[in-house]
Amino acid sequence: MEAKIRDIIIDAMQLPDSIWDFYICLKDKKKYDIDYLDLMSIIKKSTACGQECARMIRQKYDGISIHEFTKDQNVDVVYTDQIRIGNKIVFAIYEEPKTIKISSGLLEDAKNLVIAEHLEDVIDPSMIEDVLLAHEIYHVLESASEENIYTRNCHIFTRRWLFKMRVMLPFASELGAMAFAKEWLGLSYHPGVLDILLTEVIDPSVASGIYKDVKLLQRSSITEPTA
């Protein structure tokens with residue numbers, strides 16, 4: 001019997017950040033065969049980068065809201081019914097130099113789903129947009145400080161035939177953005193939970209797949225060092 005989306009969301013909210021962080025970089029870990037200890041170091045530095053960035057800005061701007069900060073930075077927020085990258089539908093996207101696009105259609109569907117599934121006690125529907133905005137604002141800040149921010153410069157060296165190549169790691173940027181959003185908004189759960197919620201309104205089978213994958217990581221204790 002398939003679990004109901006309410007039960008899935010509530011259970012996913014209990015997962016530790018380490019599981020979600022590992023899930024975010026799992027594809028690139030397999031692609032580049034990144035050493036476990038190196039990966040843990042990258043995760044730690046990337047999340048710390050996002051957290052510290054949020055703390056510094058909120059302290060400097062005395063508790064400014066994410067929407068107020070967006071206006072202060074002269075970032076254009078564009079609401080559109082649907083955003084596509086190739087064949088993939090996405091929830092929000094940052095476009096250089098200073099534009100953030102948010103899928104208003106998905107956003108409204110997600111809010112309605114929270115209400116329909118009686119999840120308001122654990123997820124404030126109005127917070128969904130704040131999470132998307134905070135995540136993308138981090139990418140704006142990365143672009144503005146490209147040379148000085150860890151997550152934009154995180155890389156490894158890998159061999160391709162006879163050549164040694166410097167490969168940037170996009171997942172470091174995603175880890176930083178997730179940590180930034182959580183820290184800024186004071187969330188009690190990892191923002192990755194909203195990947196399940198938002199994907200549910202597009203394709204419930206894919207949302208279920210995300211949940212199964214993170215639960216598999218939890219059961220396998222893959223984020224813990226082996227003896």
# chains A, B, ... in the order shown; residues from 1 in each chain; ligands from 1

$ select_by_dssp --residues "range 46-208 of chain A" --states "strand (DSSP E)" --output "count of residues only"
32

$ residues_around --residues "Lys71 in chain A" --least-positions-apart "5" --cutoff "12 Å" --atoms "only C-alpha atoms" --output "ChimeraX atom specification"
/A:64-66,76-77,98-100,133,137

$ residues_around --residues "Ser18 in chain A" --least-positions-apart "6" --cutoff "12 Å" --atoms "only C-alpha atoms" --output "PyMOL selection string"
chain A and resi 24-26+39-40+43-44+47+175+179+189-190+192+214+217-218+221-224

$ write_last_selection --atoms "N, CA and C atoms" --output "PDB file, in the first residue's frame"
ATOM      1  N   ILE A  24      21.653  15.124  -2.458  1.00  0.00           N
ATOM      2  CA  ILE A  24      21.838  16.195  -3.431  1.00  0.00           C
ATOM      3  C   ILE A  24      23.081  15.977  -4.285  1.00  0.00           C
ATOM      4  N   CYS A  25      24.140  15.448  -3.670  1.00  0.00           N
ATOM      5  CA  CYS A  25      25.392  15.297  -4.433  1.00  0.00           C
ATOM      6  C   CYS A  25      25.657  13.863  -4.885  1.00  0.00           C
ATOM      7  N   LEU A  26      24.679  12.979  -4.723  1.00  0.00           N
ATOM      8  CA  LEU A  26      24.899  11.564  -5.024  1.00  0.00           C
ATOM      9  C   LEU A  26      25.219  11.307  -6.493  1.00  0.00           C
ATOM     10  N   LEU A  39      34.217  14.007  -0.109  1.00  0.00           N
ATOM     11  CA  LEU A  39      32.826  14.418  -0.268  1.00  0.00           C
ATOM     12  C   LEU A  39      32.278  14.999   1.030  1.00  0.00           C
ATOM     13  N   MET A  40      32.579  14.355   2.154  1.00  0.00           N
ATOM     14  CA  MET A  40      32.097  14.862   3.438  1.00  0.00           C
ATOM     15  C   MET A  40      32.673  16.246   3.731  1.00  0.00           C
ATOM     16  N   ILE A  43      30.749  18.740   1.529  1.00  0.00           N
ATOM     17  CA  ILE A  43      29.412  18.982   2.093  1.00  0.00           C
ATOM     18  C   ILE A  43      29.502  19.926   3.287  1.00  0.00           C
ATOM     19  N   LYS A  44      30.443  19.654   4.168  1.00  0.00           N
ATOM     20  CA  LYS A  44      30.594  20.478   5.373  1.00  0.00           C
ATOM     21  C   LYS A  44      30.927  21.923   5.017  1.00  0.00           C
ATOM     22  N   THR A  47      27.799  23.697   3.087  1.00  0.00           N
ATOM     23  CA  THR A  47      26.677  24.070   3.961  1.00  0.00           C
ATOM     24  C   THR A  47      27.084  25.188   4.915  1.00  0.00           C
ATOM     25  N   LEU A 175      24.046  22.774  -2.350  1.00  0.00           N
ATOM     26  CA  LEU A 175      24.154  22.581  -0.904  1.00  0.00           C
ATOM     27  C   LEU A 175      24.173  23.919  -0.180  1.00  0.00           C
ATOM     28  N   ALA A 179      21.338  25.328   2.475  1.00  0.00           N
ATOM     29  CA  ALA A 179      21.731  25.723   3.825  1.00  0.00           C
ATOM     30  C   ALA A 179      21.398  27.193   4.082  1.00  0.00           C
ATOM     31  N   TYR A 189      13.221  21.923   9.189  1.00  0.00           N
ATOM     32  CA  TYR A 189      13.415  20.790   8.279  1.00  0.00           C
ATOM     33  C   TYR A 189      14.305  21.216   7.122  1.00  0.00           C
ATOM     34  N   HIS A 190      14.863  20.240   6.435  1.00  0.00           N
ATOM     35  CA  HIS A 190      15.719  20.531   5.280  1.00  0.00           C
ATOM     36  C   HIS A 190      14.850  20.971   4.100  1.00  0.00           C
ATOM     37  N   GLY A 192      15.064  20.396   1.163  1.00  0.00           N
ATOM     38  CA  GLY A 192      14.889  19.319   0.200  1.00  0.00           C
ATOM     39  C   GLY A 192      13.530  18.651   0.294  1.00  0.00           C
ATOM     40  N   VAL A 214      15.770   8.793  -0.619  1.00  0.00           N
ATOM     41  CA  VAL A 214      16.343   9.322   0.629  1.00  0.00           C
ATOM     42  C   VAL A 214      16.141   8.336   1.784  1.00  0.00           C
ATOM     43  N   LEU A 217      18.867   5.780   1.542  1.00  0.00           N
ATOM     44  CA  LEU A 217      20.108   6.296   2.101  1.00  0.00           C
ATOM     45  C   LEU A 217      20.095   6.207   3.623  1.00  0.00           C
ATOM     46  N   GLN A 218      18.948   6.522   4.197  1.00  0.00           N
ATOM     47  CA  GLN A 218      18.827   6.454   5.653  1.00  0.00           C
ATOM     48  C   GLN A 218      19.022   5.029   6.158  1.00  0.00           C
ATOM     49  N   SER A 221      22.592   3.744   5.893  1.00  0.00           N
ATOM     50  CA  SER A 221      23.595   4.488   6.688  1.00  0.00           C
ATOM     51  C   SER A 221      24.784   4.874   5.817  1.00  0.00           C
ATOM     52  N   ILE A 222      24.505   5.204   4.555  1.00  0.00           N
ATOM     53  CA  ILE A 222      25.586   5.486   3.608  1.00  0.00           C
ATOM     54  C   ILE A 222      26.337   6.758   3.947  1.00  0.00           C
ATOM     55  N   THR A 223      25.703   7.646   4.738  1.00  0.00           N
ATOM     56  CA  THR A 223      26.375   8.881   5.088  1.00  0.00           C
ATOM     57  C   THR A 223      27.265   8.729   6.312  1.00  0.00           C
ATOM     58  N   GLU A 224      27.336   7.506   6.840  1.00  0.00           N
ATOM     59  CA  GLU A 224      28.200   7.263   7.991  1.00  0.00           C
ATOM     60  C   GLU A 224      29.456   6.533   7.544  1.00  0.00           C
TER      61      GLU A 224
END

$ residues_around --residues "Glu120 in chain A" --least-positions-apart "5" --cutoff "12 Å" --atoms "only C-alpha atoms" --output "list of chain:residue names"
A:Arg6, A:Ile9, A:Ile10, A:Ala110, A:Lys111, A:Asn112, A:Leu113, A:Val114, A:Ile115, A:Pro125, A:Ser126, A:Met127, A:Ile128

$ residues_around --residues "Val90 in chain A" --least-positions-apart "6" --cutoff "9 Å" --atoms "only C-alpha atoms" --output "list in words"
Gln82, Ile83, Arg84, Ile102, Ser103, Leu106 and Thr199 of chain A

$ write_last_selection --atoms "N, CA and C atoms" --output "mmCIF file, in the first residue's frame"
data_model
loop_
_atom_site.group_PDB
_atom_site.id
_atom_site.type_symbol
_atom_site.label_atom_id
_atom_site.label_comp_id
_atom_site.auth_asym_id
_atom_site.auth_seq_id
_atom_site.Cartn_x
_atom_site.Cartn_y
_atom_site.Cartn_z
ATOM 1 N N GLN A 82 4.810 28.350 -15.916
ATOM 2 C CA GLN A 82 5.624 27.142 -15.949
ATOM 3 C C GLN A 82 7.019 27.470 -16.463
ATOM 4 N N ILE A 83 8.018 26.830 -15.859
ATOM 5 C CA ILE A 83 9.407 27.032 -16.268
ATOM 6 C C ILE A 83 9.966 25.692 -16.720
ATOM 7 N N ARG A 84 10.571 25.692 -17.887
ATOM 8 C CA ARG A 84 11.168 24.460 -18.418
ATOM 9 C C ARG A 84 12.647 24.653 -18.720
ATOM 10 N N ILE A 102 9.970 32.375 -10.924
ATOM 11 C CA ILE A 102 9.273 31.431 -10.051
ATOM 12 C C ILE A 102 8.014 30.951 -10.761
ATOM 13 N N SER A 103 7.792 29.649 -10.727
ATOM 14 C CA SER A 103 6.604 29.077 -11.351
ATOM 15 C C SER A 103 5.387 29.312 -10.455
ATOM 16 N N LEU A 106 3.007 26.151 -10.252
ATOM 17 C CA LEU A 106 3.434 25.117 -9.308
ATOM 18 C C LEU A 106 3.298 25.592 -7.874
ATOM 19 N N THR A 199 7.250 18.372 -6.455
ATOM 20 C CA THR A 199 7.230 17.357 -7.508
ATOM 21 C C THR A 199 5.926 16.576 -7.496
#

$ residues_around --residues "Asp35 in chain A" --least-positions-apart "5" --cutoff "12 Å" --atoms "only C-alpha atoms" --output "CSV table (one decimal) with N, CA, C and O atoms, in the first residue's frame"
chain,number,residue,atom,x,y,z
A,26,LEU,N,24.7,13.0,-4.7
A,26,LEU,CA,24.9,11.6,-5.0
A,26,LEU,C,25.2,11.3,-6.5
A,26,LEU,O,26.1,10.5,-6.8
A,28,ASP,N,26.6,13.3,-8.8
A,28,ASP,CA,28.0,13.7,-9.1
A,28,ASP,C,29.0,12.9,-8.4
A,28,ASP,O,30.1,12.7,-9.0
A,29,LYS,N,28.7,12.4,-7.2
A,29,LYS,CA,29.6,11.5,-6.5
A,29,LYS,C,29.9,10.2,-7.4
A,29,LYS,O,31.0,9.8,-7.6
A,30,LYS,N,28.8,9.7,-7.9
A,30,LYS,CA,29.0,8.5,-8.8
A,30,LYS,C,29.6,8.8,-10.1
A,30,LYS,O,30.5,8.1,-10.6
A,40,MET,N,32.6,14.4,2.2
A,40,MET,CA,32.1,14.9,3.4
A,40,MET,C,32.7,16.2,3.7
A,40,MET,O,32.0,17.1,4.3
A,41,SER,N,33.9,16.5,3.3
A,41,SER,CA,34.5,17.8,3.5
A,41,SER,C,33.9,18.8,2.7
A,41,SER,O,33.6,19.9,3.1
A,42,ILE,N,33.5,18.5,1.4
A,42,ILE,CA,32.9,19.4,0.5
A,42,ILE,C,31.5,19.7,1.1
A,42,ILE,O,31.1,20.9,1.0
A,156,ILE,N,37.2,19.5,-8.2
A,156,ILE,CA,38.0,18.3,-8.1
A,156,ILE,C,38.9,18.2,-9.3
A,156,ILE,O,38.5,18.8,-10.4
A,157,PHE,N,39.9,17.4,-9.3
A,157,PHE,CA,40.7,17.1,-10.5
A,157,PHE,C,40.4,15.6,-10.8
A,157,PHE,O,40.4,14.8,-9.9
A,158,THR,N,40.1,15.4,-12.1
A,158,THR,CA,39.8,14.0,-12.5
A,158,THR,C,40.6,13.8,-13.8
A,158,THR,O,40.9,14.7,-14.5
A,225,PRO,N,30.6,6.9,8.1
A,225,PRO,CA,31.9,6.2,7.7
A,225,PRO,C,31.8,4.7,8.0
A,225,PRO,O,31.2,4.3,9.0

$ residues_around --residues "Ser208 in chain A" --least-positions-apart "6" --cutoff "9 Å" --atoms "only C-alpha atoms" --output "list in words"
Glu2, Ala3, Ile5, Ile8, Ile196, Thr199 and Glu200 of chain A

$ closest_atom_pairs --of "range 107-226 of chain A" --to "range 51-57 of chain A" --cutoff "10 Å" --atoms "only C-alpha atoms" --output "Markdown table"
| residue | atom | partner | partner_atom | distance |
| --- | --- | --- | --- | --- |
| A:Ala134 | CA | A:Ala54 | CA | 9.4 |
| A:Tyr138 | CA | A:Cys53 | CA | 8.5 |
| A:Leu141 | CA | A:Cys53 | CA | 9.0 |
| A:Glu142 | CA | A:Cys53 | CA | 10.0 |
| A:Ile149 | CA | A:Cys53 | CA | 9.5 |
| A:Gly176 | CA | A:Gln51 | CA | 7.4 |
| A:Ala177 | CA | A:Gln51 | CA | 8.8 |
| A:Met178 | CA | A:Gln51 | CA | 9.0 |
| A:Ala179 | CA | A:Gln51 | CA | 5.5 |
| A:Phe180 | CA | A:Gln51 | CA | 5.0 |
| A:Ala181 | CA | A:Ala54 | CA | 7.7 |
| A:Lys182 | CA | A:Gln51 | CA | 7.9 |
| A:Glu183 | CA | A:Gln51 | CA | 5.6 |
| A:Trp184 | CA | A:Ala54 | CA | 5.3 |
| A:Leu185 | CA | A:Ala54 | CA | 9.1 |

$ write_last_selection --atoms "all heavy atoms" --output "CSV table (one decimal), in the first residue's frame"
chain,number,residue,atom,x,y,z
A,134,ALA,N,14.6,32.3,-1.4
A,134,ALA,CA,15.9,32.3,-0.6
A,134,ALA,C,17.0,31.5,-1.3
A,134,ALA,O,18.1,31.8,-1.4
A,134,ALA,CB,15.7,31.8,0.8
A,138,TYR,N,20.5,33.0,-3.1
A,138,TYR,CA,21.9,32.6,-2.8
A,138,TYR,C,22.7,32.5,-4.1
A,138,TYR,O,23.9,32.9,-4.1
A,138,TYR,CB,21.9,31.2,-2.1
A,138,TYR,CG,23.3,30.8,-1.7
A,138,TYR,CD1,24.0,31.3,-0.7
A,138,TYR,CD2,24.0,29.8,-2.5
A,138,TYR,CE1,25.3,31.0,-0.4
A,138,TYR,CE2,25.3,29.4,-2.2
A,138,TYR,CZ,25.9,30.0,-1.2
A,138,TYR,OH,27.2,29.6,-0.9
A,141,LEU,N,23.8,35.9,-5.0
A,141,LEU,CA,25.0,36.3,-4.2
A,141,LEU,C,26.3,35.6,-4.7
A,141,LEU,O,27.3,36.2,-4.7
A,141,LEU,CB,24.7,36.0,-2.8
A,141,LEU,CG,23.5,36.8,-2.1
A,141,LEU,CD1,23.2,36.2,-0.7
A,141,LEU,CD2,23.8,38.3,-2.1
A,142,GLU,N,26.1,34.4,-5.1
A,142,GLU,CA,27.3,33.6,-5.6
A,142,GLU,C,27.8,34.3,-6.8
A,142,GLU,O,29.0,34.5,-7.0
A,142,GLU,CB,26.9,32.2,-6.0
A,142,GLU,CG,26.9,31.2,-4.8
A,142,GLU,CD,26.6,29.8,-5.4
A,142,GLU,OE1,25.7,29.7,-6.2
A,142,GLU,OE2,27.3,28.9,-5.0
A,149,ILE,N,33.7,33.1,-3.1
A,149,ILE,CA,32.7,32.3,-2.4
A,149,ILE,C,33.0,30.8,-2.7
A,149,ILE,O,33.2,30.4,-3.9
A,149,ILE,CB,31.3,32.7,-2.7
A,149,ILE,CG1,30.3,32.0,-1.7
A,149,ILE,CG2,30.9,32.3,-4.2
A,149,ILE,CD1,28.9,32.7,-1.8
A,176,GLY,N,24.9,24.9,-0.7
A,176,GLY,CA,25.0,26.2,-0.1
A,176,GLY,C,23.7,26.9,-0.1
A,176,GLY,O,23.3,27.5,0.9
A,177,ALA,N,23.0,26.8,-1.3
A,177,ALA,CA,21.7,27.4,-1.4
A,177,ALA,C,20.6,26.8,-0.4
A,177,ALA,O,19.8,27.5,0.2
A,177,ALA,CB,21.2,27.3,-2.8
A,178,MET,N,20.7,25.5,-0.2
A,178,MET,CA,19.8,24.9,0.7
A,178,MET,C,20.1,25.3,2.1
A,178,MET,O,19.1,25.6,2.9
A,178,MET,CB,19.9,23.3,0.6
A,178,MET,CG,19.4,22.7,-0.7
A,178,MET,SD,17.6,22.8,-0.8
A,178,MET,CE,17.3,21.7,-2.2
A,179,ALA,N,21.3,25.3,2.5
A,179,ALA,CA,21.7,25.7,3.8
A,179,ALA,C,21.4,27.2,4.1
A,179,ALA,O,21.0,27.6,5.2
A,179,ALA,CB,23.2,25.5,4.0
A,180,PHE,N,21.6,28.0,3.1
A,180,PHE,CA,21.3,29.4,3.2
A,180,PHE,C,19.8,29.6,3.5
A,180,PHE,O,19.4,30.4,4.4
A,180,PHE,CB,21.6,30.1,1.9
A,180,PHE,CG,21.3,31.6,1.8
A,180,PHE,CD1,22.2,32.5,2.3
A,180,PHE,CD2,20.1,32.1,1.3
A,180,PHE,CE1,22.0,33.9,2.2
A,180,PHE,CE2,19.8,33.4,1.3
A,180,PHE,CZ,20.7,34.3,1.7
A,181,ALA,N,18.9,29.0,2.7
A,181,ALA,CA,17.5,29.1,2.9
A,181,ALA,C,17.0,28.6,4.2
A,181,ALA,O,16.2,29.3,4.9
A,181,ALA,CB,16.8,28.3,1.8
A,182,LYS,N,17.6,27.5,4.7
A,182,LYS,CA,17.2,27.0,6.0
A,182,LYS,C,17.6,27.9,7.1
A,182,LYS,O,16.8,28.2,8.0
A,182,LYS,CB,17.8,25.6,6.2
A,182,LYS,CG,17.4,25.0,7.6
A,182,LYS,CD,17.9,23.6,7.8
A,182,LYS,CE,17.5,23.1,9.2
A,182,LYS,NZ,17.9,21.7,9.4
A,183,GLU,N,18.8,28.4,7.0
A,183,GLU,CA,19.3,29.3,8.1
A,183,GLU,C,18.6,30.6,8.1
A,183,GLU,O,18.2,31.1,9.1
A,183,GLU,CB,20.8,29.6,7.8
A,183,GLU,CG,21.5,30.5,8.8
A,183,GLU,CD,21.6,29.9,10.2
A,183,GLU,OE1,21.7,28.7,10.3
A,183,GLU,OE2,21.6,30.7,11.2
A,184,TRP,N,18.4,31.2,6.9
A,184,TRP,CA,17.7,32.5,6.8
A,184,TRP,C,16.3,32.4,7.4
A,184,TRP,O,15.8,33.3,8.1
A,184,TRP,CB,17.7,33.0,5.4
A,184,TRP,CG,17.1,34.4,5.2
A,184,TRP,CD1,15.8,34.8,5.5
A,184,TRP,CD2,17.8,35.5,4.8
A,184,TRP,NE1,15.7,36.1,5.2
A,184,TRP,CE2,16.9,36.6,4.8
A,184,TRP,CE3,19.1,35.8,4.3
A,184,TRP,CZ2,17.2,37.9,4.4
A,184,TRP,CZ3,19.4,37.1,3.9
A,184,TRP,CH2,18.5,38.1,4.0
A,185,LEU,N,15.6,31.4,7.0
A,185,LEU,CA,14.1,31.3,7.3
A,185,LEU,C,13.9,30.5,8.6
A,185,LEU,O,12.8,30.5,9.1
A,185,LEU,CB,13.4,30.5,6.2
A,185,LEU,CG,13.5,31.2,4.8
A,185,LEU,CD1,12.9,30.3,3.7
A,185,LEU,CD2,12.7,32.5,4.8

$ atom_distance --atom1 "CA of Phe171 in chain A" --atom2 "CA of Pro97 in chain A"
20.5 Å

$ select_by_dssp --residues "range 11-173 of chain A" --states "alpha helix (DSSP H)" --output "ChimeraX atom specification"
/A:11-12,17-32,36-60,66-72,104-116,125-144,150-153,170-173

$ closest_residue --among "A:Asp213, A:Leu187, A:Glu96, A:Ala116" --to "Phe22 in chain A" --atoms "only C-alpha atoms"
A:Asp213

$ closest_residue --among "A:Leu107, A:Ala12, A:Ile93, A:Val131" --to "Pro191 in chain A" --atoms "only C-alpha atoms"
A:Val131

$ closest_residue --among "A:Val140, A:Gly186, A:Asn87, A:Gln59" --to "Asn74 in chain A" --atoms "only C-alpha atoms"
A:Val140
